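As structure tokens, the structure follows; a few thoughts come after it.
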Amino acid sequence: MSLKFDIQPAANPTSEKERAAKLVDLGFGRVFTDHMAVVRYSQAEGWHGARVEARANFALDPAGAVLHYAQEIFEGLKAYKRDDGGVNLFRPDANAKRFHDSAERMAMAPIPDDVFIEAVEQIVRIDRAWIPGGEGSLYLRPFMIASEVFLGVKPSAEYIFAVIASPVGSYFKGGPAPVSIWVSENYTRAAIGGTGAVKCGGNYAASLRAQAEAIQHGCDQVVFLDAIERRFVEELGGMNVFFVFDDGSLSTPPLGTILPGITRDSIIALARDAGKTVREEPYSIDQWRADAASGRLKEAFACGTAAVISPIGKVRSASGDFVISGGEAGPVAMGLRKQLVDIQYGRTNDPHNWIRKVL
Ligand code: PLP
Ligand code: COI
């Protein structure tokens, strides 16, 4: 299915001067572009009313279903400016597929993949002036909310899908400098049969208390353990995790209750391309601590669209702290980071056809 987008450029877009001032010291997710894409769904009309328009508030009835039962899903992907001035998206088809899976899990109407991708591309095109140069990028946030006006607990009959965009720098203040993580022993993120494998807002709401605990303990991010045995490492609040061993192999927690990260999948492919063994297997916090002490574990790193690849330098928990690779960024994490970023910015060849040139 394809939909024609009605394009209504903003009447008062940000001036070049104002934009230049906003594109300084970006951080993550505080600056937004001038436009948004919106597509609506109703059971009677299906997906309709595709528009690109000035970014503005939504009018939402106070009985709108999302406000009560949290039927909401989202995605995150980035547009990268190439040296030739063109613009790349990285694996938008994978985000479209995951959005579809999220919609099905949350009993929402899936939006066709091509409409999802078209909406993302429309925003990249109309707001291309907002894409920062250098190591910055334009973070795209497609999302969908349940908008039916009804207080009964059932899947909404109406949805609003939208894409907004935010020019971003580094997710962590220190850039790719090693991050510290806090092991949550009080809270879990996901159980088998739950929603851990999809990108619904509720997962993040449920993680905030644990993330606040991490900050209180001076850490950048929380890491969750499995909900049954409370010992296997699952993932961070917004990133997957990898371990690098002294025999050159890597491991990462298996899919199931974690988010199937597109960065995770890309790293597995790149490491295997380089002849490395990558295991998707459970790894316990006790083993992690023991391997860090014995030197069997050489590196650990977090990965995700927002964070790219961030080495983990220090792990803290109620039962004590330990340091990985002397708290320094390791060569495997930094090598994979460079390789991935070079593909994303179109500086090297793209053996898996991950890049979609928008401009
Ligand atoms: N895990 C969680 C909980 C996330 O929020 C994210 C970020 O999207 C990831 C993992 C990494 O996924 P991706 O690499 O697709 O961005
Ligand atoms: C991403 O990496 O895209 C994320 O969604 C992580 C976080 C900003 C929620």
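Naming works like this for the structure tokens: A, B, ... for the chains as they're shown, residue 1 at the start of each chain, ligands 1 onward in shown order.
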May I have all residues of range 153-347 of chain A that DSSP, computed from the backbone, assigns to alpha helix (DSSP H), given as a compact mmCIF listing (two decimals) with N, CA, C and O atoms, in the first residue's frame?
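Writing the result to out36.txt gives the following:
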```txt
# COMPACT_ATOMS: atom_id res chain seq x y z
N GLY A 201 6.19 2.47 24.88
CA GLY A 201 6.57 3.48 25.87
C GLY A 201 6.53 2.94 27.29
O GLY A 201 7.36 3.33 28.13
N GLY A 202 5.61 2.04 27.57
CA GLY A 202 5.46 1.50 28.92
C GLY A 202 6.74 0.86 29.44
O GLY A 202 7.03 0.93 30.64
N ASN A 203 7.51 0.22 28.55
CA ASN A 203 8.77 -0.39 28.99
C ASN A 203 9.70 0.66 29.58
O ASN A 203 10.45 0.40 30.51
N TYR A 204 9.66 1.85 29.00
CA TYR A 204 10.58 2.91 29.42
C TYR A 204 10.06 3.57 30.70
O TYR A 204 10.84 3.89 31.59
N ALA A 205 8.73 3.72 30.78
CA ALA A 205 8.15 4.26 32.02
C ALA A 205 8.56 3.36 33.18
O ALA A 205 8.96 3.83 34.26
N ALA A 206 8.49 2.04 32.95
CA ALA A 206 8.79 1.09 34.03
C ALA A 206 10.28 1.05 34.37
O ALA A 206 10.66 0.56 35.42
N SER A 207 11.11 1.58 33.46
CA SER A 207 12.57 1.53 33.71
C SER A 207 13.09 2.78 34.44
O SER A 207 14.22 2.81 34.89
N LEU A 208 12.25 3.81 34.55
CA LEU A 208 12.76 5.11 35.00
C LEU A 208 13.21 5.10 36.46
O LEU A 208 14.20 5.74 36.83
N ARG A 209 12.50 4.35 37.28
CA ARG A 209 12.85 4.28 38.70
C ARG A 209 14.24 3.63 38.85
O ARG A 209 15.08 4.09 39.62
N ALA A 210 14.46 2.57 38.08
CA ALA A 210 15.76 1.89 38.13
C ALA A 210 16.86 2.79 37.57
O ALA A 210 17.98 2.85 38.09
N GLN A 211 16.52 3.54 36.52
CA GLN A 211 17.51 4.46 35.93
C GLN A 211 17.83 5.59 36.93
O GLN A 211 18.99 6.00 37.06
N ALA A 212 16.82 6.03 37.67
CA ALA A 212 17.06 7.08 38.69
C ALA A 212 18.00 6.54 39.77
O ALA A 212 18.88 7.26 40.26
N GLU A 213 17.83 5.27 40.11
CA GLU A 213 18.72 4.64 41.09
C GLU A 213 20.15 4.61 40.56
O GLU A 213 21.11 4.86 41.30
N ALA A 214 20.28 4.33 39.26
CA ALA A 214 21.62 4.32 38.64
C ALA A 214 22.27 5.69 38.78
O ALA A 214 23.44 5.80 39.16
N ILE A 215 21.51 6.73 38.48
CA ILE A 215 22.05 8.09 38.57
C ILE A 215 22.45 8.40 40.02
O ILE A 215 23.52 8.95 40.28
N GLN A 216 21.58 8.00 40.95
CA GLN A 216 21.89 8.22 42.39
C GLN A 216 23.21 7.58 42.79
O GLN A 216 23.91 8.06 43.66
N ILE A 262 18.77 -3.14 16.38
CA ILE A 262 19.28 -3.14 14.99
C ILE A 262 20.80 -2.93 15.02
O ILE A 262 21.53 -3.50 14.22
N THR A 263 21.26 -2.17 16.00
CA THR A 263 22.71 -2.03 16.17
C THR A 263 23.30 -3.38 16.59
O THR A 263 24.33 -3.81 16.08
N ARG A 264 22.64 -4.05 17.54
CA ARG A 264 23.07 -5.38 17.99
C ARG A 264 23.21 -6.32 16.79
O ARG A 264 24.24 -6.99 16.61
N ASP A 265 22.17 -6.37 15.97
CA ASP A 265 22.18 -7.25 14.80
C ASP A 265 23.30 -6.88 13.84
O ASP A 265 23.98 -7.76 13.27
N SER A 266 23.54 -5.58 13.68
CA SER A 266 24.59 -5.11 12.75
C SER A 266 25.97 -5.48 13.29
O SER A 266 26.86 -5.86 12.52
N ILE A 267 26.14 -5.37 14.60
CA ILE A 267 27.45 -5.69 15.20
C ILE A 267 27.73 -7.19 15.07
O ILE A 267 28.85 -7.60 14.76
N ILE A 268 26.70 -7.99 15.29
CA ILE A 268 26.89 -9.45 15.13
C ILE A 268 27.37 -9.72 13.70
O ILE A 268 28.33 -10.47 13.48
N ALA A 269 26.73 -9.09 12.72
CA ALA A 269 27.10 -9.32 11.31
C ALA A 269 28.53 -8.85 11.04
O ALA A 269 29.32 -9.58 10.41
N LEU A 270 28.88 -7.65 11.53
CA LEU A 270 30.22 -7.11 11.25
C LEU A 270 31.30 -7.95 11.92
O LEU A 270 32.36 -8.21 11.33
N ALA A 271 31.05 -8.39 13.15
CA ALA A 271 32.05 -9.20 13.86
C ALA A 271 32.22 -10.54 13.15
O ALA A 271 33.35 -11.03 12.98
N ARG A 272 31.11 -11.13 12.73
CA ARG A 272 31.20 -12.43 12.01
C ARG A 272 31.89 -12.25 10.66
O ARG A 272 32.68 -13.11 10.25
N ASP A 273 31.62 -11.13 9.98
CA ASP A 273 32.32 -10.83 8.70
C ASP A 273 33.84 -10.85 8.93
O ASP A 273 34.60 -11.24 8.06
N ILE A 285 25.65 -12.18 35.96
CA ILE A 285 26.38 -11.07 36.58
C ILE A 285 27.57 -11.61 37.39
O ILE A 285 28.64 -11.00 37.40
N ASP A 286 27.40 -12.79 38.00
CA ASP A 286 28.52 -13.37 38.77
C ASP A 286 29.67 -13.76 37.85
O ASP A 286 30.84 -13.58 38.17
N GLN A 287 29.31 -14.32 36.69
CA GLN A 287 30.34 -14.69 35.71
C GLN A 287 31.04 -13.44 35.18
O GLN A 287 32.26 -13.42 34.99
N TRP A 288 30.25 -12.39 34.98
CA TRP A 288 30.81 -11.13 34.48
C TRP A 288 31.86 -10.59 35.47
O TRP A 288 32.99 -10.25 35.09
N ARG A 289 31.47 -10.62 36.74
CA ARG A 289 32.38 -10.13 37.77
C ARG A 289 33.65 -11.00 37.82
O ARG A 289 34.78 -10.49 37.84
N ALA A 290 33.46 -12.33 37.77
CA ALA A 290 34.59 -13.27 37.85
C ALA A 290 35.49 -13.11 36.62
O ALA A 290 36.73 -13.10 36.74
N ASP A 291 34.90 -12.96 35.44
CA ASP A 291 35.69 -12.85 34.20
C ASP A 291 36.45 -11.52 34.14
O ASP A 291 37.55 -11.45 33.59
N ALA A 292 35.83 -10.48 34.72
CA ALA A 292 36.53 -9.19 34.76
C ALA A 292 37.75 -9.30 35.68
O ALA A 292 38.83 -8.77 35.39
N ALA A 293 37.58 -10.05 36.79
CA ALA A 293 38.68 -10.20 37.76
C ALA A 293 39.79 -11.08 37.19
O ALA A 293 40.98 -10.79 37.37
N SER A 294 39.42 -12.15 36.48
CA SER A 294 40.44 -13.10 35.99
C SER A 294 41.14 -12.59 34.74
O SER A 294 42.19 -13.11 34.37
N PRO A 331 39.89 -1.81 22.28
CA PRO A 331 40.06 -1.74 20.83
C PRO A 331 38.95 -2.41 20.03
O PRO A 331 38.63 -1.96 18.92
N VAL A 332 38.32 -3.47 20.57
CA VAL A 332 37.26 -4.14 19.80
C VAL A 332 36.04 -3.23 19.72
O VAL A 332 35.48 -3.01 18.63
N ALA A 333 35.65 -2.66 20.86
CA ALA A 333 34.50 -1.74 20.85
C ALA A 333 34.77 -0.54 19.93
O ALA A 333 33.92 -0.17 19.11
N MET A 334 35.95 0.02 20.04
CA MET A 334 36.22 1.23 19.26
C MET A 334 36.38 0.90 17.77
O MET A 334 36.00 1.69 16.90
N GLY A 335 36.93 -0.30 17.47
CA GLY A 335 37.06 -0.73 16.08
C GLY A 335 35.69 -0.96 15.44
O GLY A 335 35.42 -0.50 14.32
N LEU A 336 34.81 -1.64 16.17
CA LEU A 336 33.46 -1.89 15.64
C LEU A 336 32.70 -0.57 15.50
O LEU A 336 31.95 -0.36 14.55
N ARG A 337 32.92 0.31 16.46
CA ARG A 337 32.24 1.62 16.41
C ARG A 337 32.64 2.37 15.14
O ARG A 337 31.80 2.88 14.40
N LYS A 338 33.94 2.38 14.85
CA LYS A 338 34.41 3.11 13.68
C LYS A 338 33.85 2.49 12.40
O LYS A 338 33.39 3.18 11.49
N GLN A 339 33.87 1.15 12.37
CA GLN A 339 33.38 0.46 11.18
C GLN A 339 31.90 0.76 10.94
O GLN A 339 31.48 1.06 9.81
N LEU A 340 31.12 0.72 12.01
CA LEU A 340 29.68 0.97 11.90
C LEU A 340 29.41 2.41 11.49
O LEU A 340 28.62 2.68 10.57
N VAL A 341 30.09 3.34 12.15
CA VAL A 341 29.86 4.76 11.88
C VAL A 341 30.31 5.09 10.44
O VAL A 341 29.65 5.86 9.73
N ASP A 342 31.41 4.48 10.00
CA ASP A 342 31.87 4.72 8.63
C ASP A 342 30.84 4.25 7.61
O ASP A 342 30.63 4.90 6.58
N ILE A 343 30.18 3.13 7.90
CA ILE A 343 29.12 2.66 6.98
C ILE A 343 27.96 3.65 7.02
O ILE A 343 27.44 4.07 5.98
N GLN A 344 27.57 4.06 8.23
CA GLN A 344 26.40 4.94 8.37
C GLN A 344 26.60 6.27 7.63
O GLN A 344 25.68 6.78 7.00
```
With ligand 1 as the partner and 10 Å as the cut-off, tabulate the residues of chain A that qualify, each row holding the nearest pair of atoms and their distance in Å to one decimal, using only C-alpha atoms and all ligand atoms, sorted by chain and rising number, as a tab-separated table.
```
residue	atom	partner	partner_atom_place_in_ligand_line	distance
A:Phe74	CA	ligand 1	8 (O)	9.1
A:Glu75	CA	ligand 1	8 (O)	6.9
A:Gly76	CA	ligand 1	8 (O)	5.9
A:Leu77	CA	ligand 1	16 (O)	6.9
A:Lys78	CA	ligand 1	16 (O)	9.4
A:Arg91	CA	ligand 1	15 (O)	9.5
A:Ala94	CA	ligand 1	15 (O)	8.3
A:Asn95	CA	ligand 1	15 (O)	7.2
A:Arg98	CA	ligand 1	15 (O)	8.7
A:Arg189	CA	ligand 1	3 (C)	8.8
A:Gly196	CA	ligand 1	3 (C)	7.8
A:Ala197	CA	ligand 1	3 (C)	8.4
A:Val198	CA	ligand 1	3 (C)	8.6
A:Lys199	CA	ligand 1	5 (O)	6.9
A:Cys200	CA	ligand 1	5 (O)	9.3
A:Gly201	CA	ligand 1	5 (O)	9.6
A:Asn203	CA	ligand 1	3 (C)	7.8
A:Tyr204	CA	ligand 1	3 (C)	7.6
A:Ser207	CA	ligand 1	3 (C)	9.1
A:Val223	CA	ligand 1	3 (C)	9.9
A:Phe224	CA	ligand 1	3 (C)	9.9
A:Glu234	CA	ligand 1	1 (N)	9.2
A:Glu235	CA	ligand 1	1 (N)	6.3
A:Leu236	CA	ligand 1	3 (C)	6.3
A:Gly237	CA	ligand 1	3 (C)	5.1
A:Gly238	CA	ligand 1	5 (O)	3.4
A:Met239	CA	ligand 1	10 (C)	3.6
A:Asn240	CA	ligand 1	10 (C)	4.4
A:Val241	CA	ligand 1	10 (C)	8.2
A:Ile258	CA	ligand 1	1 (N)	6.6
A:Leu259	CA	ligand 1	1 (N)	4.8
A:Pro260	CA	ligand 1	12 (O)	6.5
A:Gly261	CA	ligand 1	12 (O)	3.4
A:Ile262	CA	ligand 1	15 (O)	3.7
A:Thr263	CA	ligand 1	14 (O)	3.5
A:Arg264	CA	ligand 1	14 (O)	5.6
A:Asp265	CA	ligand 1	14 (O)	7.6
A:Ser266	CA	ligand 1	14 (O)	8.3
A:Ile267	CA	ligand 1	14 (O)	9.4
A:Ala302	CA	ligand 1	11 (C)	8.8
A:Cys303	CA	ligand 1	11 (C)	6.1
A:Gly304	CA	ligand 1	14 (O)	3.5
A:Thr305	CA	ligand 1	16 (O)	3.6
A:Ala306	CA	ligand 1	16 (O)	6.3
A:Ala307	CA	ligand 1	16 (O)	8.0
A:Val308	CA	ligand 1	14 (O)	7.7
A:Ile309	CA	ligand 1	14 (O)	9.4
```
Exercise. Compile the contact shell of range 178-184 of chain A as a ChimeraX atom specification: residues with an atom at most 9 Å away, counting only C-alpha atoms, same-chain residues fewer than 2 positions apart removed.
Key: /A:172,174-176,186-188,210-211,213-215,217-225,233,236,285,301-302,310-318,327-329
Exercise. Show which residues sit within 8 Å of Arg279 in chain A, as a list in words. Count only C-alpha atoms, and ignore same-chain residues fewer than 2 positions away.
Key: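 The residues that qualify are Ser249, Leu250, Ser251, Thr252, Thr277 and Glu281 of chain A.
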Got time to write the residues from that selection, C-alpha atoms, as a PDB file, in the first residue's frame?
```
ATOM      1  CA  SER A 249      35.128 -14.084  20.734  1.00  0.00           C
ATOM      2  CA  LEU A 250      32.095 -11.959  21.629  1.00  0.00           C
ATOM      3  CA  SER A 251      28.854 -12.772  23.368  1.00  0.00           C
ATOM      4  CA  THR A 252      25.554 -10.969  23.769  1.00  0.00           C
ATOM      5  CA  THR A 277      32.847 -15.962  16.914  1.00  0.00           C
ATOM      6  CA  GLU A 281      23.900 -16.814  25.099  1.00  0.00           C
TER       7      GLU A 281
END
```
Practice problem: Once DSSP has gone over the backbone, tell me which residues of range 7-183 of chain A are in strand (DSSP E or B), as a PyMOL selection string. | Solution: chain A and resi 7+35-42+46-54+64+72-74+77-81+87-90+137-146+149+158-168+179-183
Keeping only C-alpha atoms, write the selected residues to a file as a compact mmCIF listing (two decimals), in the first residue's frame.
```txt
# COMPACT_ATOMS: atom_id res chain seq x y z
CA ILE A 7 2.95 18.46 1.94
CA HIS A 35 8.02 19.69 10.53
CA MET A 36 6.29 16.46 11.38
CA ALA A 37 4.63 13.74 9.33
CA VAL A 38 1.22 12.53 10.47
CA VAL A 39 -0.93 9.65 9.24
CA ARG A 40 -4.24 8.66 10.81
CA TYR A 41 -6.04 5.36 11.15
CA SER A 42 -9.66 4.52 11.75
CA GLY A 46 -7.91 2.47 7.30
CA TRP A 47 -4.69 4.54 7.03
CA HIS A 48 -5.48 7.94 5.56
CA GLY A 49 -4.81 11.67 5.71
CA ALA A 50 -1.00 11.42 5.29
CA ARG A 51 0.47 14.89 5.74
CA VAL A 52 3.75 16.65 6.26
CA GLU A 53 3.09 19.84 8.16
CA ALA A 54 4.49 22.32 10.67
CA GLY A 64 -8.09 9.32 24.30
CA GLU A 72 1.89 3.57 22.43
CA ILE A 73 4.90 2.38 20.43
CA PHE A 74 7.90 4.14 18.92
CA LEU A 77 16.68 5.79 13.67
CA LYS A 78 19.10 8.35 12.32
CA ALA A 79 19.83 10.25 9.09
CA TYR A 80 23.53 10.89 8.46
CA LYS A 81 25.05 13.57 6.26
CA VAL A 87 21.93 11.90 3.26
CA ASN A 88 21.86 8.24 4.39
CA LEU A 89 19.34 6.35 6.46
CA PHE A 90 20.60 3.21 8.19
CA SER A 137 22.99 13.20 12.96
CA LEU A 138 19.25 13.71 12.69
CA TYR A 139 17.44 11.38 15.11
CA LEU A 140 14.06 10.36 13.74
CA ARG A 141 11.32 9.36 16.10
CA PRO A 142 8.35 7.59 14.48
CA PHE A 143 5.62 6.79 17.00
CA MET A 144 1.99 5.77 17.21
CA ILE A 145 -0.68 6.48 19.80
CA ALA A 146 -4.18 5.14 20.42
CA VAL A 149 -12.26 8.36 22.75
CA GLU A 158 -8.26 4.84 15.99
CA TYR A 159 -4.56 5.69 15.88
CA ILE A 160 -2.27 8.59 15.08
CA PHE A 161 1.12 7.77 13.57
CA ALA A 162 3.70 10.56 13.44
CA VAL A 163 7.37 11.19 12.78
CA ILE A 164 9.30 14.00 14.45
CA ALA A 165 13.01 14.74 14.13
CA SER A 166 15.72 15.99 16.44
CA PRO A 167 19.28 16.95 15.49
CA VAL A 168 21.56 15.16 17.95
CA VAL A 179 30.25 4.67 30.72
CA SER A 180 29.45 3.31 34.16
CA ILE A 181 26.44 1.12 34.75
CA TRP A 182 24.37 0.20 37.80
CA VAL A 183 23.05 -3.35 38.20
```
Practice problem: Would you mind reading off the distance between CA of Gly134 in chain A and atom 4 (C, counted along the ligand's line) of ligand 2, one decimal, in Å? | Solution: 20.8 Å
Quiz item: Which is closest to ligand 2 among A:Lys17, A:Lys4, A:Arg30, A:Lys357, if we use only C-alpha atoms and all ligand atoms?
Solution: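 Selected residue with least distance to ligand 2: A:Arg30.
When only C-alpha atoms are used to compute distances to Asp93 in chain A, the closest of the residues A:Gly194, A:Gly27, A:Gly133, A:Pro112 turns out to be A:Pro112.
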Quiz prompt | Top pick for closest residue to ligand 2, considering A:Gly29, A:Ala63, A:Tyr69, A:Ala10 and counting only C-alpha atoms and all ligand atoms | solution = A:Gly29
Quiz item: Separation of CA of Asp6 in chain A and CA of Ser156 in chain A, in Å?
Solution: 25.4 Å
